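Chemist: protein-v5.pdb is reproduced in full below (PDB, C-alpha atoms).
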```
ATOM      1  CA  MET G   1       0.000   0.000   0.000
ATOM      2  CA  PRO G   2       1.185   3.569  -0.628
ATOM      3  CA  LYS G   3       2.446   5.447   2.380
ATOM      4  CA  LYS G   4      -0.058   7.986   3.634
ATOM      5  CA  GLY G   5       2.456  10.748   2.961
ATOM      6  CA  GLN G   6       2.356   9.843  -0.734
ATOM      7  CA  LEU G   7      -1.376  10.436  -1.000
ATOM      8  CA  PRO G   8      -2.441  13.966  -2.009
ATOM      9  CA  ILE G   9      -4.254  14.589   1.274
ATOM     10  CA  HIS G  10      -5.087  18.255   0.552
ATOM     11  CA  MET G  11      -6.700  17.177  -2.696
ATOM     12  CA  ILE G  12      -8.664  14.401  -0.991
ATOM     13  CA  LYS G  13      -9.991  16.852   1.590
ATOM     14  CA  ALA G  14     -11.053  19.209  -1.215
ATOM     15  CA  ILE G  15     -12.966  16.400  -2.970
ATOM     16  CA  ASN G  16     -14.767  15.389   0.220
ATOM     17  CA  ARG G  17     -15.644  18.971   1.035
ATOM     18  CA  TYR G  18     -16.967  19.611  -2.477
ATOM     19  CA  TYR G  19     -18.983  16.362  -2.431
ATOM     20  CA  ASN G  20     -20.631  17.334   0.852
ATOM     21  CA  SER G  21     -21.464  20.781  -0.507
ATOM     22  CA  VAL G  22     -23.130  19.133  -3.530
ATOM     23  CA  ILE G  23     -25.170  16.853  -1.249
ATOM     24  CA  GLN G  24     -26.350  19.826   0.803
ATOM     25  CA  SER G  25     -27.025  22.314  -1.988
ATOM     26  CA  SER G  26     -28.510  20.275  -4.852
ATOM     27  CA  SER G  27     -31.197  17.670  -5.479
ATOM     28  CA  GLY G  28     -32.717  15.458  -8.154
ATOM     29  CA  ASP G  29     -31.085  15.314 -11.568
ATOM     30  CA  GLN G  30     -28.683  18.151 -10.768
ATOM     31  CA  LYS G  31     -27.385  16.296  -7.713
ATOM     32  CA  LYS G  32     -27.026  13.077  -9.722
ATOM     33  CA  ARG G  33     -25.132  14.902 -12.460
ATOM     34  CA  GLU G  34     -22.763  16.577  -9.999
ATOM     35  CA  ILE G  35     -21.979  13.242  -8.350
ATOM     36  CA  GLN G  36     -21.411  11.778 -11.802
ATOM     37  CA  LEU G  37     -18.873  14.493 -12.617
ATOM     38  CA  ILE G  38     -17.044  13.974  -9.320
ATOM     39  CA  ILE G  39     -16.768  10.210  -9.891
ATOM     40  CA  LYS G  40     -15.671  10.634 -13.489
ATOM     41  CA  SER G  41     -13.102  13.258 -12.451
ATOM     42  CA  VAL G  42     -11.655  10.960  -9.775
ATOM     43  CA  ASN G  43     -11.436   8.050 -12.216
ATOM     44  CA  ILE G  44      -9.661  10.169 -14.835
ATOM     45  CA  PHE G  45      -7.145  11.361 -12.254
ATOM     46  CA  LEU G  46      -6.474   7.804 -11.057
ATOM     47  CA  LYS G  47      -6.519   6.110 -14.461
ATOM     48  CA  TYR G  48      -2.768   5.555 -14.904
ATOM     49  CA  LEU G  49      -1.870   5.126 -11.235
ATOM     50  CA  HIS G  50      -1.101   1.828  -9.531
ATOM     51  CA  ALA G  51      -4.037  -0.290  -8.329
ATOM     52  CA  ARG G  52      -2.835  -0.093  -4.724
ATOM     53  CA  PHE G  53      -2.691   3.690  -4.936
ATOM     54  CA  LYS G  54      -6.205   3.823  -6.391
ATOM     55  CA  LYS G  55      -7.512   1.651  -3.565
ATOM     56  CA  ALA G  56      -5.817   3.781  -0.918
ATOM     57  CA  PHE G  57      -7.066   6.994  -2.550
ATOM     58  CA  TRP G  58     -10.688   5.830  -2.694
ATOM     59  CA  ALA G  59     -10.443   4.656   0.929
ATOM     60  CA  GLN G  60      -9.861   8.255   2.004
ATOM     61  CA  LEU G  61     -12.928   9.587   0.206
ATOM     62  CA  ASP G  62     -16.378  10.058   1.700
ATOM     63  CA  LEU G  63     -18.145   6.726   2.316
ATOM     64  CA  ASP G  64     -21.272   7.727   0.374
ATOM     65  CA  LEU G  65     -19.136   8.819  -2.580
ATOM     66  CA  ARG G  66     -17.345   5.472  -2.520
ATOM     67  CA  LYS G  67     -20.694   3.676  -2.619
ATOM     68  CA  ASN G  68     -21.546   5.616  -5.777
ATOM     69  CA  GLN G  69     -18.236   5.058  -7.569
ATOM     70  CA  LYS G  70     -19.466   2.131  -9.684
ATOM     71  CA  LEU G  71     -22.491   3.965 -11.011
ATOM     72  CA  ILE G  72     -22.598   4.022 -14.784
ATOM     73  CA  PHE G  73     -24.589   6.831 -16.338
ATOM     74  CA  LYS G  74     -26.209   6.750 -19.766
ATOM     75  CA  GLU G  75     -24.682  10.122 -20.627
ATOM     76  CA  PHE G  76     -21.244   8.544 -21.066
ATOM     77  CA  LYS G  77     -22.553   6.377 -23.900
ATOM     78  CA  THR G  78     -22.408   9.508 -26.054
ATOM     79  CA  LEU G  79     -18.633   8.955 -26.136
ATOM     80  CA  ASN G  80     -19.283   6.342 -28.786
ATOM     81  CA  LYS G  81     -20.455   9.019 -31.210
ATOM     82  CA  ILE G  82     -17.338   9.468 -33.308
ATOM     83  CA  ASN G  83     -17.966  13.043 -34.465
ATOM     84  CA  LYS G  84     -18.758  14.539 -31.071
ATOM     85  CA  PRO G  85     -15.141  14.853 -29.826
ATOM     86  CA  LYS G  86     -14.184  16.529 -33.107
ATOM     87  CA  GLU G  87     -17.019  19.003 -32.698
ATOM     88  CA  GLU G  88     -15.892  19.697 -29.147
ATOM     89  CA  VAL G  89     -12.298  20.373 -30.209
ATOM     90  CA  ASN G  90     -13.473  22.613 -33.035
ATOM     91  CA  ASN G  91     -15.774  24.590 -30.737
ATOM     92  CA  PHE G  92     -13.046  24.846 -28.085
ATOM     93  CA  SER G  93     -10.571  26.215 -30.621
ATOM     94  CA  ASN G  94     -13.080  28.676 -32.051
ATOM     95  CA  TYR G  95     -13.915  29.946 -28.581
ATOM     96  CA  ILE G  96     -10.234  30.715 -28.004
ATOM     97  CA  LEU G  97     -10.012  32.456 -31.377
ATOM     98  CA  LYS G  98     -13.051  34.608 -30.641
ATOM     99  CA  ASN G  99     -12.303  35.550 -27.039
ATOM    100  CA  TYR G 100      -8.487  35.771 -26.845
ATOM    101  CA  ARG G 101      -7.514  37.502 -30.074
ATOM    102  CA  SER G 102      -5.007  39.820 -28.387
ATOM    103  CA  TYR G 103      -3.076  36.963 -26.737
ATOM    104  CA  TYR G 104      -0.223  34.869 -28.046
ATOM    105  CA  LYS G 105      -1.319  31.258 -27.534
ATOM    106  CA  ILE G 106       0.888  28.483 -26.185
ATOM    107  CA  PHE G 107      -0.696  25.036 -26.512
ATOM    108  CA  LEU G 108       0.728  22.337 -24.254
ATOM    109  CA  SER G 109       1.515  19.228 -26.260
ATOM    110  CA  ARG G 110       0.903  16.405 -26.417
ATOM    111  CA  ASP G 111      -2.584  16.562 -24.920
ATOM    112  CA  ALA G 112      -3.542  19.876 -26.529
ATOM    113  CA  TYR G 113      -2.024  19.116 -29.920
ATOM    114  CA  LEU G 114      -5.365  18.532 -31.656
ATOM    115  CA  PRO G 115      -6.856  21.829 -30.377
ATOM    116  CA  TYR G 116      -3.668  23.490 -31.618
ATOM    117  CA  GLN G 117      -4.117  22.047 -35.101
ATOM    118  CA  TYR G 118      -7.769  23.091 -35.202
ATOM    119  CA  TYR G 119      -6.835  26.574 -34.012
ATOM    120  CA  LEU G 120      -4.266  27.001 -36.793
ATOM    121  CA  LYS G 121      -6.768  25.802 -39.378
ATOM    122  CA  ASN G 122      -9.611  28.003 -38.103
ATOM    123  CA  SER G 123      -7.655  31.151 -37.360
ATOM    124  CA  GLN G 124      -5.155  31.398 -40.223
ATOM    125  CA  ARG G 125      -3.120  33.525 -37.785
ATOM    126  CA  ASP G 126       0.527  33.426 -36.754
ATOM    127  CA  ASP G 127      -0.152  33.831 -33.044
ATOM    128  CA  ALA G 128       0.155  30.304 -31.643
ATOM    129  CA  LEU G 129       2.845  27.791 -30.784
ATOM    130  CA  GLU G 130       2.862  24.240 -29.478
ATOM    131  CA  VAL G 131       5.278  23.387 -26.679
ATOM    132  CA  LEU G 132       6.007  19.836 -25.561
ATOM    133  CA  PHE G 133       5.404  20.399 -21.852
ATOM    134  CA  THR G 134       5.037  17.068 -20.070
ATOM    135  CA  ARG G 135       5.452  15.713 -16.551
ATOM    136  CA  LYS G 136       8.685  13.965 -17.503
ATOM    137  CA  ARG G 137      10.232  17.064 -19.070
ATOM    138  CA  LEU G 138       9.158  19.298 -16.200
ATOM    139  CA  LEU G 139       9.901  17.021 -13.251
ATOM    140  CA  GLY G 140      12.449  14.482 -14.507
ATOM    141  CA  ARG G 141      12.830  11.123 -12.802
ATOM    142  CA  ASN G 142      10.151   9.788 -10.456
ATOM    143  CA  ASN G 143       7.783  12.282 -12.070
ATOM    144  CA  GLY G 144       4.709  10.340 -10.899
ATOM    145  CA  LEU G 145       5.234  10.991  -7.191
ATOM    146  CA  ARG G 146       6.608  14.444  -7.919
ATOM    147  CA  TYR G 147       3.541  15.309  -9.947
ATOM    148  CA  LEU G 148       1.251  14.145  -7.120
ATOM    149  CA  SER G 149       3.156  16.413  -4.766
ATOM    150  CA  LEU G 150       2.717  19.300  -7.182
ATOM    151  CA  VAL G 151      -0.998  18.651  -7.678
ATOM    152  CA  ASN G 152      -1.527  18.418  -3.934
ATOM    153  CA  LEU G 153       0.045  21.858  -3.611
ATOM    154  CA  SER G 154      -2.899  23.351  -5.533
ATOM    155  CA  TYR G 155      -5.207  22.393  -2.685
ATOM    156  CA  LYS G 156      -3.051  23.364   0.288
ATOM    157  CA  ASP G 157      -4.946  26.577   1.069
ATOM    158  CA  ILE G 158      -8.073  25.979  -0.992
ATOM    159  CA  PHE G 159     -10.436  26.297   1.973
ATOM    160  CA  THR G 160      -9.292  29.901   2.514
ATOM    161  CA  ASN G 161      -9.498  30.864  -1.162
ATOM    162  CA  GLN G 162     -12.549  32.832  -2.276
ATOM    163  CA  ASP G 163     -11.726  33.474  -5.945
ATOM    164  CA  LEU G 164      -9.292  32.510  -8.693
ATOM    165  CA  ASP G 165      -6.923  35.432  -8.103
ATOM    166  CA  THR G 166      -6.513  34.475  -4.453
ATOM    167  CA  PHE G 167      -6.172  30.807  -5.405
ATOM    168  CA  ILE G 168      -3.365  31.534  -7.876
ATOM    169  CA  SER G 169      -1.605  33.985  -5.568
ATOM    170  CA  ARG G 170      -1.489  31.403  -2.774
ATOM    171  CA  TYR G 171      -0.454  28.680  -5.201
ATOM    172  CA  MET G 172       2.481  30.752  -6.455
ATOM    173  CA  GLN G 173       3.605  31.484  -2.914
ATOM    174  CA  ASN G 174       3.441  27.796  -1.987
ATOM    175  CA  LEU G 175       5.183  26.681  -5.187
ATOM    176  CA  LYS G 176       8.161  28.935  -4.499
ATOM    177  CA  LYS G 177       8.628  27.215  -1.134
ATOM    178  CA  HIS G 178       8.350  23.735  -2.641
ATOM    179  CA  VAL G 179      11.383  21.446  -2.766
ATOM    180  CA  LEU G 180      10.908  21.022  -6.541
ATOM    181  CA  TYR G 181      10.760  24.739  -7.358
ATOM    182  CA  LYS G 182      14.384  25.080  -8.540
ATOM    183  CA  THR G 183      13.973  22.000 -10.734
ATOM    184  CA  ILE G 184      10.746  23.415 -12.188
ATOM    185  CA  VAL G 185      12.326  26.787 -12.969
ATOM    186  CA  SER G 186      15.407  25.222 -14.569
ATOM    187  CA  ASN G 187      13.474  22.700 -16.665
ATOM    188  CA  THR G 188      10.810  25.223 -17.715
ATOM    189  CA  HIS G 189      13.557  27.598 -18.869
ATOM    190  CA  ASP G 190      15.104  24.834 -20.986
ATOM    191  CA  ILE G 191      11.755  23.686 -22.425
ATOM    192  CA  LEU G 192      10.702  27.185 -23.507
ATOM    193  CA  HIS G 193      14.061  28.064 -25.023
ATOM    194  CA  GLN G 194      14.249  24.767 -26.909
ATOM    195  CA  ALA G 195      10.809  25.562 -28.341
ATOM    196  CA  ASN G 196      12.011  29.072 -29.348
ATOM    197  CA  VAL G 197       9.172  30.635 -27.363
ATOM    198  CA  PHE G 198      11.049  33.869 -26.698
ATOM    199  CA  LYS G 199      11.776  34.373 -30.385
ATOM    200  CA  LYS G 200       8.017  34.588 -30.852
ATOM    201  CA  VAL G 201       6.978  36.183 -27.575
ATOM    202  CA  LYS G 202       8.444  39.595 -26.835
ATOM    203  CA  PRO G 203       8.255  41.669 -23.637
ATOM    204  CA  GLY G 204       4.784  43.183 -23.293
ATOM    205  CA  THR G 205       3.090  40.297 -25.101
ATOM    206  CA  LYS G 206       0.026  38.835 -23.413
ATOM    207  CA  ILE G 207       0.257  35.052 -23.216
ATOM    208  CA  LEU G 208      -2.555  32.513 -23.066
ATOM    209  CA  LEU G 209      -1.600  29.003 -21.891
ATOM    210  CA  ILE G 210      -3.896  26.290 -23.249
ATOM    211  CA  ASP G 211      -4.312  22.691 -22.168
ATOM    212  CA  THR G 212      -7.089  20.121 -22.227
ATOM    213  CA  GLY G 213      -7.268  19.737 -18.414
ATOM    214  CA  ILE G 214      -7.834  18.562 -15.730
ATOM    215  CA  GLN G 215      -6.615  20.593 -12.741
ATOM    216  CA  GLY G 216      -3.772  22.796 -13.912
ATOM    217  CA  GLY G 217      -0.967  20.502 -12.782
ATOM    218  CA  LEU G 218       1.283  21.637 -15.645
ATOM    219  CA  ILE G 219      -0.347  24.943 -16.525
ATOM    220  CA  LEU G 220       0.112  26.518 -13.086
ATOM    221  CA  PRO G 221       3.909  25.985 -12.775
ATOM    222  CA  LEU G 222       4.340  27.390 -16.296
ATOM    223  CA  TYR G 223       2.018  30.278 -15.427
ATOM    224  CA  THR G 224       4.127  31.041 -12.341
ATOM    225  CA  TYR G 225       7.378  30.982 -14.316
ATOM    226  CA  LEU G 226       6.094  33.385 -16.982
ATOM    227  CA  LYS G 227       4.515  35.734 -14.420
ATOM    228  CA  ASP G 228       7.869  35.979 -12.660
ATOM    229  CA  LEU G 229       9.426  37.048 -15.968
ATOM    230  CA  GLY G 230       6.964  39.959 -16.045
ATOM    231  CA  PHE G 231       4.522  38.679 -18.674
ATOM    232  CA  GLU G 232       0.766  39.184 -18.498
ATOM    233  CA  VAL G 233      -0.490  35.602 -18.464
ATOM    234  CA  ASP G 234      -3.828  33.836 -18.495
ATOM    235  CA  PHE G 235      -4.783  30.193 -19.011
ATOM    236  CA  PHE G 236      -7.656  28.291 -20.569
ATOM    237  CA  LEU G 237      -8.550  24.606 -20.270
ATOM    238  CA  TYR G 238     -11.014  22.472 -22.155
ATOM    239  CA  THR G 239     -12.320  21.122 -18.840
ATOM    240  CA  CYS G 240     -11.341  20.525 -15.222
ATOM    241  CA  VAL G 241     -12.119  18.236 -12.316
ATOM    242  CA  ALA G 242     -15.445  18.923 -10.651
ATOM    243  CA  TRP G 243     -14.082  20.028  -7.291
ATOM    244  CA  ILE G 244     -11.874  22.768  -8.707
ATOM    245  CA  TYR G 245     -14.482  24.069 -11.154
ATOM    246  CA  PRO G 246     -15.794  26.740  -8.731
ATOM    247  CA  PHE G 247     -12.392  28.449  -9.037
ATOM    248  CA  PHE G 248     -11.647  27.688 -12.699
ATOM    249  CA  LYS G 249     -15.147  28.205 -14.112
ATOM    250  CA  ASN G 250     -14.180  31.313 -16.121
ATOM    251  CA  ASN G 251     -11.071  29.586 -17.466
ATOM    252  CA  VAL G 252     -12.591  26.363 -18.784
ATOM    253  CA  PHE G 253     -14.618  25.696 -21.903
ATOM    254  CA  SER G 254     -16.767  22.888 -20.493
ATOM    255  CA  LYS G 255     -17.664  21.640 -17.024
ATOM    256  CA  ASP G 256     -18.297  18.191 -18.506
ATOM    257  CA  VAL G 257     -15.226  15.922 -18.351
ATOM    258  CA  SER G 258     -16.924  13.212 -20.436
ATOM    259  CA  PHE G 259     -14.937  13.791 -23.636
ATOM    260  CA  LEU G 260     -11.559  14.613 -22.089
ATOM    261  CA  GLU G 261     -10.017  11.166 -22.409
ATOM    262  CA  VAL G 262     -11.135  10.803 -26.036
ATOM    263  CA  ILE G 263      -9.810  14.251 -26.982
ATOM    264  CA  GLU G 264      -6.465  13.627 -25.291
ATOM    265  CA  ARG G 265      -6.118  10.193 -26.854
ATOM    266  CA  LYS G 266      -6.770  11.607 -30.314
ATOM    267  CA  SER G 267      -4.372  14.495 -29.622
ATOM    268  CA  VAL G 268      -1.538  12.186 -28.574
ATOM    269  CA  LYS G 269      -2.121   9.993 -31.628
ATOM    270  CA  ALA G 270      -2.046  13.041 -33.931
ATOM    271  CA  TYR G 271       1.075  14.387 -32.222
ATOM    272  CA  GLU G 272       2.960  11.094 -32.552
ATOM    273  CA  LYS G 273       1.952  10.770 -36.197
ATOM    274  CA  LYS G 274       3.223  14.297 -36.932
ATOM    275  CA  HIS G 275       6.429  14.057 -34.919
TER     276      HIS G 275
END
```
Could you write out this structure as structure tokens?
Modeler:
Amino acid sequence: MPKKGQLPIHMIKAINRYYNSVIQSSSGDQKKREIQLIIKSVNIFLKYLHARFKKAFWAQLDLDLRKNQKLIFKEFKTLNKINKPKEEVNNFSNYILKNYRSYYKIFLSRDAYLPYQYYLKNSQRDDALEVLFTRKRLLGRNNGLRYLSLVNLSYKDIFTNQDLDTFISRYMQNLKKHVLYKTIVSNTHDILHQANVFKKVKPGTKILLIDTGIQGGLILPLYTYLKDLGFEVDFFLYTCVAWIYPFFKNNVFSKDVSFLEVIERKSVKAYEKKH
């Protein structure tokens, strides 16, 4: 079994707190849908983690939520409709084009490669770049445990946060105290320079960071790095986990995580075919 110190306890507390707020504040179909999104979000987060870790993680969650974890909802059968993910990616890319015209866009590959391709096709503009920004490149060896530590950091002060600005401010403060911060700064510097980002992005340029989701684990360290260089930065995700949506709601395209795995799988396949 994983050691308790390896579990993202702050994140687990945030999930339980959000679940209890849903139970208290909603009813009927809305309540069912919110529980569905929580369960789906948890399963996406845990998908590639070891079975023992998954078991230990679920054991820390609210008992009623655990009882609901095997529920299968008819809505997810829409994933079998082949064209729907393509429509979602197209709409996501067009939303960015319409609402962030004054920003230079940085799409995080591999997961956001397909939105990047759609954006180039739809916009016909030279204001976007893909950057291969992955856990392994950012965190190096043992990036699984390191990434969990980084994700957990997002939730350290979440109970005291009232809005996104406060959330990000506290996150940046906590990140700079983190044992991995020097590694993150060094590796982010190398990644951006290897991608020739600063040949495209000049001082004074507004930057939009774009990823598919799900809780800003890679976006937020990159955001912090660029903010410290003096850039005006914002971020936009296709979707996010249910329990962080109250903070990210103005920075995500869809609250529904149903299509995330399909979009990311197609993005990775397209990226590998191209590269």
Chemist: Using the chain letters and residue numbers of this document, give as a list in words the residues selected by the PyMOL selection byres ((chain G and resi 36) around 9).
Modeler: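 Evaluating the PyMOL selection byres ((chain G and resi 36) around 9) on these coordinates yields Lys31, Lys32, Arg33, Glu34, Ile35, Leu37, Ile38, Ile39, Lys40, Ser41, Asn68, Gln69, Leu71, Ile72 and Phe73 of chain G.
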Chemist: Grab the residues selected above and save them as a short mmCIF file (atom, residue, chain, number, x, y, z; two decimals), in the coordinates of the input with C-alpha atoms.
Modeler:
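Produced file selection-v7.cif, reproduced below:
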```
data_model
loop_
_atom_site.label_atom_id
_atom_site.label_comp_id
_atom_site.auth_asym_id
_atom_site.auth_seq_id
_atom_site.Cartn_x
_atom_site.Cartn_y
_atom_site.Cartn_z
CA LYS G 31 -27.38 16.30 -7.71
CA LYS G 32 -27.03 13.08 -9.72
CA ARG G 33 -25.13 14.90 -12.46
CA GLU G 34 -22.76 16.58 -10.00
CA ILE G 35 -21.98 13.24 -8.35
CA LEU G 37 -18.87 14.49 -12.62
CA ILE G 38 -17.04 13.97 -9.32
CA ILE G 39 -16.77 10.21 -9.89
CA LYS G 40 -15.67 10.63 -13.49
CA SER G 41 -13.10 13.26 -12.45
CA ASN G 68 -21.55 5.62 -5.78
CA GLN G 69 -18.24 5.06 -7.57
CA LEU G 71 -22.49 3.96 -11.01
CA ILE G 72 -22.60 4.02 -14.78
CA PHE G 73 -24.59 6.83 -16.34
#
```
Chemist: Applying the PyMOL selection byres ((chain G and resi 44) around 9) to the file I just gave you, which residues come out? Please list them as a list in words.
Modeler: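 This file gives the following for the PyMOL selection byres ((chain G and resi 44) around 9): Ile39, Lys40, Ser41, Val42, Asn43, Phe45, Leu46, Lys47, Tyr48, Ile214, Val241, Val257, Leu260 and Glu261 of chain G.
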Chemist: How many Å lie between atom CA of G:Lys176 and atom CA of G:Tyr18, rounded to one decimal?
Modeler: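 Value for the atom CA of G:Lys176-atom CA of G:Tyr18 distance: 26.9 Å.
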Chemist: Between atom CA of G:Phe53 and atom CA of G:Ser254, measure the distance and give it in Å to one decimal.
Modeler: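 A separation of 28.4 Å between them.
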Chemist: Step by step, work through what the PyMOL selection byres ((chain G and resi 172) around 12) selects in the shown file, and finish by giving those residues as a short mmCIF file (atom, residue, chain, number, x, y, z; two decimals) with C-alpha atoms, in the coordinates of the input.
Modeler:
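Generated output (expr-v6.cif):
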```
data_model
loop_
_atom_site.label_atom_id
_atom_site.label_comp_id
_atom_site.auth_asym_id
_atom_site.auth_seq_id
_atom_site.Cartn_x
_atom_site.Cartn_y
_atom_site.Cartn_z
CA LEU G 150 2.72 19.30 -7.18
CA LEU G 153 0.04 21.86 -3.61
CA SER G 154 -2.90 23.35 -5.53
CA TYR G 155 -5.21 22.39 -2.68
CA LYS G 156 -3.05 23.36 0.29
CA ASP G 157 -4.95 26.58 1.07
CA ASP G 165 -6.92 35.43 -8.10
CA THR G 166 -6.51 34.48 -4.45
CA PHE G 167 -6.17 30.81 -5.40
CA ILE G 168 -3.36 31.53 -7.88
CA SER G 169 -1.60 33.98 -5.57
CA ARG G 170 -1.49 31.40 -2.77
CA TYR G 171 -0.45 28.68 -5.20
CA GLN G 173 3.60 31.48 -2.91
CA ASN G 174 3.44 27.80 -1.99
CA LEU G 175 5.18 26.68 -5.19
CA LYS G 176 8.16 28.94 -4.50
CA LYS G 177 8.63 27.22 -1.13
CA HIS G 178 8.35 23.74 -2.64
CA TYR G 181 10.76 24.74 -7.36
CA ILE G 219 -0.35 24.94 -16.52
CA LEU G 220 0.11 26.52 -13.09
CA PRO G 221 3.91 25.98 -12.78
CA LEU G 222 4.34 27.39 -16.30
CA TYR G 223 2.02 30.28 -15.43
CA THR G 224 4.13 31.04 -12.34
CA TYR G 225 7.38 30.98 -14.32
CA LEU G 226 6.09 33.38 -16.98
CA LYS G 227 4.51 35.73 -14.42
CA ASP G 228 7.87 35.98 -12.66
#
```
Chemist: Using all atoms listed in the file, find the one residue out of G:Val197, G:Ile12, G:Val185, G:Val268 that sits nearest to G:Arg137.
Modeler: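 Under the stated criterion, the closest residue is G:Val185.
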Chemist: If you count only C-alpha atoms, which residues fall within 12 Å of G:Glu272, apart from same-chain ones fewer than 6 positions away, as a PyMOL selection string?
Modeler: chain G and resi 109-111+113-114+132+265-266
Chemist: Would you save the residues from that selection as a compact mmCIF listing (two decimals), keeping the file's coordinate frame, using C-alpha atoms?
Modeler:
```
# COMPACT_ATOMS: atom_id res chain seq x y z
CA SER G 109 1.52 19.23 -26.26
CA ARG G 110 0.90 16.40 -26.42
CA ASP G 111 -2.58 16.56 -24.92
CA TYR G 113 -2.02 19.12 -29.92
CA LEU G 114 -5.36 18.53 -31.66
CA LEU G 132 6.01 19.84 -25.56
CA ARG G 265 -6.12 10.19 -26.85
CA LYS G 266 -6.77 11.61 -30.31
```
Chemist: With all atoms listed in the file as the atoms that count, which of G:Met11, G:Lys182, G:Pro246, G:His50 lies nearest to G:Asn161?
Modeler: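 For G:Asn161, the nearest of the given residues is G:Pro246.
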Chemist: For G:Trp243, which residue out of G:Thr134, G:Asn16, G:Asn143, G:Gln60 is the nearest one, using all atoms listed in the file?
Modeler: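 Among the listed residues, G:Asn16 lies closest to G:Trp243.
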Chemist: Hey, which of G:Ile244, G:Leu139, G:Thr239, G:Lys274 ends up closest to G:Ile158? Count all atoms listed in the file.
Modeler: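 Once distances to G:Ile158 are computed over all atoms listed in the file, the minimum belongs to G:Ile244.
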Chemist: Using the partial input, fill out stretch 50-61 of chain G with N, CA and C atoms; write the result as a PDB file, keeping the file's coordinate frame.
Modeler:
```pdb
ATOM      1  N   HIS G  50      -1.132   3.229  -9.958  1.00  0.00           N
ATOM      2  CA  HIS G  50      -1.101   1.828  -9.531  1.00  0.00           C
ATOM      3  C   HIS G  50      -2.385   1.451  -8.799  1.00  0.00           C
ATOM      4  N   ALA G  51      -2.793   0.196  -8.942  1.00  0.00           N
ATOM      5  CA  ALA G  51      -4.037  -0.290  -8.329  1.00  0.00           C
ATOM      6  C   ALA G  51      -4.040  -0.078  -6.819  1.00  0.00           C
ATOM      7  N   ARG G  52      -2.899  -0.285  -6.178  1.00  0.00           N
ATOM      8  CA  ARG G  52      -2.835  -0.093  -4.724  1.00  0.00           C
ATOM      9  C   ARG G  52      -3.043   1.370  -4.352  1.00  0.00           C
ATOM     10  N   PHE G  53      -2.499   2.256  -5.190  1.00  0.00           N
ATOM     11  CA  PHE G  53      -2.691   3.690  -4.936  1.00  0.00           C
ATOM     12  C   PHE G  53      -4.164   4.057  -5.107  1.00  0.00           C
ATOM     13  N   LYS G  54      -4.788   3.551  -6.148  1.00  0.00           N
ATOM     14  CA  LYS G  54      -6.205   3.823  -6.391  1.00  0.00           C
ATOM     15  C   LYS G  54      -7.050   3.385  -5.199  1.00  0.00           C
ATOM     16  N   LYS G  55      -6.758   2.178  -4.696  1.00  0.00           N
ATOM     17  CA  LYS G  55      -7.512   1.651  -3.565  1.00  0.00           C
ATOM     18  C   LYS G  55      -7.331   2.531  -2.333  1.00  0.00           C
ATOM     19  N   ALA G  56      -6.100   2.936  -2.078  1.00  0.00           N
ATOM     20  CA  ALA G  56      -5.817   3.781  -0.918  1.00  0.00           C
ATOM     21  C   ALA G  56      -6.458   5.157  -1.063  1.00  0.00           C
ATOM     22  N   PHE G  57      -6.468   5.684  -2.289  1.00  0.00           N
ATOM     23  CA  PHE G  57      -7.066   6.994  -2.550  1.00  0.00           C
ATOM     24  C   PHE G  57      -8.567   6.957  -2.291  1.00  0.00           C
ATOM     25  N   TRP G  58      -9.240   5.955  -2.891  1.00  0.00           N
ATOM     26  CA  TRP G  58     -10.688   5.830  -2.694  1.00  0.00           C
ATOM     27  C   TRP G  58     -11.041   5.618  -1.223  1.00  0.00           C
ATOM     28  N   ALA G  59     -10.178   4.929  -0.485  1.00  0.00           N
ATOM     29  CA  ALA G  59     -10.443   4.656   0.929  1.00  0.00           C
ATOM     30  C   ALA G  59     -10.496   5.919   1.773  1.00  0.00           C
ATOM     31  N   GLN G  60      -9.879   6.982   1.277  1.00  0.00           N
ATOM     32  CA  GLN G  60      -9.861   8.255   2.004  1.00  0.00           C
ATOM     33  C   GLN G  60     -11.045   9.149   1.644  1.00  0.00           C
ATOM     34  N   LEU G  61     -11.804   8.762   0.638  1.00  0.00           N
ATOM     35  CA  LEU G  61     -12.928   9.587   0.206  1.00  0.00           C
ATOM     36  C   LEU G  61     -14.187   9.267   1.017  1.00  0.00           C
TER      37      LEU G  61
END
```
